[in-house]
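Colleague: Before anything else, here's the structure in question.
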Amino acid sequence: DAKTTQPNSMESNEEEPVHLPCNHSTISGTDYIHWYRQLPSQGPEYVIHGLTSNVNNRMASLAIAEDRKSSTLILHRATLRDAAVYYCILQNSGGSNYKLTFGKGTLLTVNP
Amino acid sequence: DTAVSQTPKYLVTQMGNDKSIKCEQNLGHDTMYWYKQDSKKFLKIMFSYNNKELIINETVPNRFSPKSPDKAHLNLHINSLELGDSAVYFCASSSRGRGTYEQYFGPGTRLTVT
């Protein structure tokens with residue numbers, strides 16, 4: 001499975017934008033970039049995914065580098081509820097299964 | 001309406017016992033998964049079923065046996081429980097087809113083996 005590298009932790013202030021980076025230099029052409037988050041004592045929650053183009057949804061935006069070797073999850077206005085571990089995961093769409101291989105993720109702390 | 005539900009939420013048992021965790025999804029998905037999150041918070045896939053057929057079986061002791069009676073249910077039975085089995089177990093579901101699909105996770109079952 002292609003690997004991703006994320007900072008162990010980041011800190012933000014409430015109502016400010018947050019940019020969570022992810023490096024995936026060994027990404028293949030059929031790998032989708034997924035982001036999940038896990039709030040304390042809850043199951044992981046899907047945030048967003050993309051292949052080549054930048055993506056927006058109600059939760060966040062995903063900016064993908066032109067060479068696809070890195071991406072950034074953008075939370076436009078962080079709230080206290082966004083404090084969680086954020087996982088950047090590559091999922092191969094060409095395979096016969098869709099397992100997610102979780103890394104350590106980035107622990108996001110949001111200060112009031 | 002709960003999309004992916006698991007029972008029980010907490011399970012405390014002694015070594016050597018046999019226990020089951022149940023999972024149900026009402027999303028109409030055809031693929032279900034079991035993940036294990038250990039004390040160091042690493043999440044690892046254990047099993048996956050698609051239309052009641054086992055499609056992922058990671059390196060898991062054969063004391064763990066998944067069972068899928070239908071597309072909406074995936075249960076996990078664990079025999080001869082050991083201390084190292086203590087963890088949070090998450091069930092998830094997704095659609096399966098061309099491309100990629102997000103997975104929806106349940107709230108988890110915290111298993112404590114004493």
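Going by the structure tokens order, chains are called A, B, ..., each with residues numbered from 1, while ligands are numbered from 1 in the order shown.
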With 7 Å as the limit and counting only C-alpha atoms, what residues in chain A lie close to chain B? Please list them as a PyMOL selection string.
Modeller: chain A and resi 42-46+93+97+99+101-102+104
Colleague: Residues of the last selection are to be written out with N, CA, C and O atoms, as an mmCIF file, in the first residue's frame.
Modeller:
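part-v1.cif written:
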data_model
loop_
_atom_site.group_PDB
_atom_site.id
_atom_site.type_symbol
_atom_site.label_atom_id
_atom_site.label_comp_id
_atom_site.auth_asym_id
_atom_site.auth_seq_id
_atom_site.Cartn_x
_atom_site.Cartn_y
_atom_site.Cartn_z
ATOM 1 N N GLN A 42 -14.971 8.235 19.171
ATOM 2 C CA GLN A 42 -15.910 7.935 18.093
ATOM 3 C C GLN A 42 -15.223 7.147 16.985
ATOM 4 O O GLN A 42 -13.998 7.034 16.968
ATOM 5 N N GLY A 43 -16.016 6.628 16.087
ATOM 6 C CA GLY A 43 -15.453 5.948 14.932
ATOM 7 C C GLY A 43 -14.966 6.947 13.903
ATOM 8 O O GLY A 43 -15.364 8.111 13.917
ATOM 9 N N PRO A 44 -14.087 6.522 13.009
ATOM 10 C CA PRO A 44 -13.624 7.429 11.953
ATOM 11 C C PRO A 44 -14.800 7.935 11.123
ATOM 12 O O PRO A 44 -15.810 7.244 10.951
ATOM 13 N N GLU A 45 -14.619 9.132 10.588
ATOM 14 C CA GLU A 45 -15.668 9.778 9.809
ATOM 15 C C GLU A 45 -15.070 10.249 8.490
ATOM 16 O O GLU A 45 -14.021 10.902 8.468
ATOM 17 N N TYR A 46 -15.731 9.935 7.395
ATOM 18 C CA TYR A 46 -15.267 10.367 6.080
ATOM 19 C C TYR A 46 -15.331 11.883 5.983
ATOM 20 O O TYR A 46 -16.307 12.511 6.428
ATOM 21 N N SER A 93 -8.093 2.338 -6.453
ATOM 22 C CA SER A 93 -9.374 2.007 -7.074
ATOM 23 C C SER A 93 -9.253 0.850 -8.046
ATOM 24 O O SER A 93 -10.239 0.323 -8.526
ATOM 25 N N ASN A 97 -10.551 -4.802 -3.651
ATOM 26 C CA ASN A 97 -11.137 -4.485 -2.354
ATOM 27 C C ASN A 97 -10.872 -3.017 -2.068
ATOM 28 O O ASN A 97 -10.149 -2.350 -2.786
ATOM 29 N N LYS A 99 -9.983 -1.654 1.119
ATOM 30 C CA LYS A 99 -9.566 -1.481 2.497
ATOM 31 C C LYS A 99 -8.855 -0.146 2.653
ATOM 32 O O LYS A 99 -8.233 0.361 1.733
ATOM 33 N N THR A 101 -5.959 1.806 4.733
ATOM 34 C CA THR A 101 -4.779 1.586 5.565
ATOM 35 C C THR A 101 -4.492 2.881 6.298
ATOM 36 O O THR A 101 -4.002 3.851 5.710
ATOM 37 N N PHE A 102 -4.805 2.898 7.581
ATOM 38 C CA PHE A 102 -4.639 4.097 8.393
ATOM 39 C C PHE A 102 -3.214 4.220 8.896
ATOM 40 O O PHE A 102 -2.609 3.241 9.306
ATOM 41 N N LYS A 104 -0.701 7.131 11.297
ATOM 42 C CA LYS A 104 -0.823 7.736 12.631
ATOM 43 C C LYS A 104 -1.717 8.966 12.616
ATOM 44 O O LYS A 104 -2.279 9.349 13.630
#
Colleague: Name the residues in contact with Ala65 of chain A at a cut-off of 9 Å, using only C-alpha atoms, excluding same-chain residues fewer than 5 positions from it; report them as a ChimeraX atom specification.
Modeller: /A:52-54,70-72
Colleague: Select, from B:Asp18, B:Asp30, B:Glu24, B:Asp38, the residue with the minimum atom-to-atom distance to Ser86 of chain B, counting only C-alpha atoms.
Modeller: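 For Ser86 of chain B, the nearest of the candidates is B:Asp38.
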Colleague: Pick out the residues sitting within 7 Å of Gln25 of chain B, and hand them over as a PyMOL selection string; count only C-alpha atoms, and ignore anything fewer than 2 positions along from it in its own chain.
Modeller: chain B and resi 3-5+23+27+72-73
Colleague: Based on DSSP run over this structure's backbone, return all residues of chain A in strand (DSSP E or B), as an NGL selection string.
Modeller: :A and (5 or 9-13 or 18-23 or 31-38 or 45-50 or 55-56 or 61-64 or 70-75 or 84-92 or 106-111)
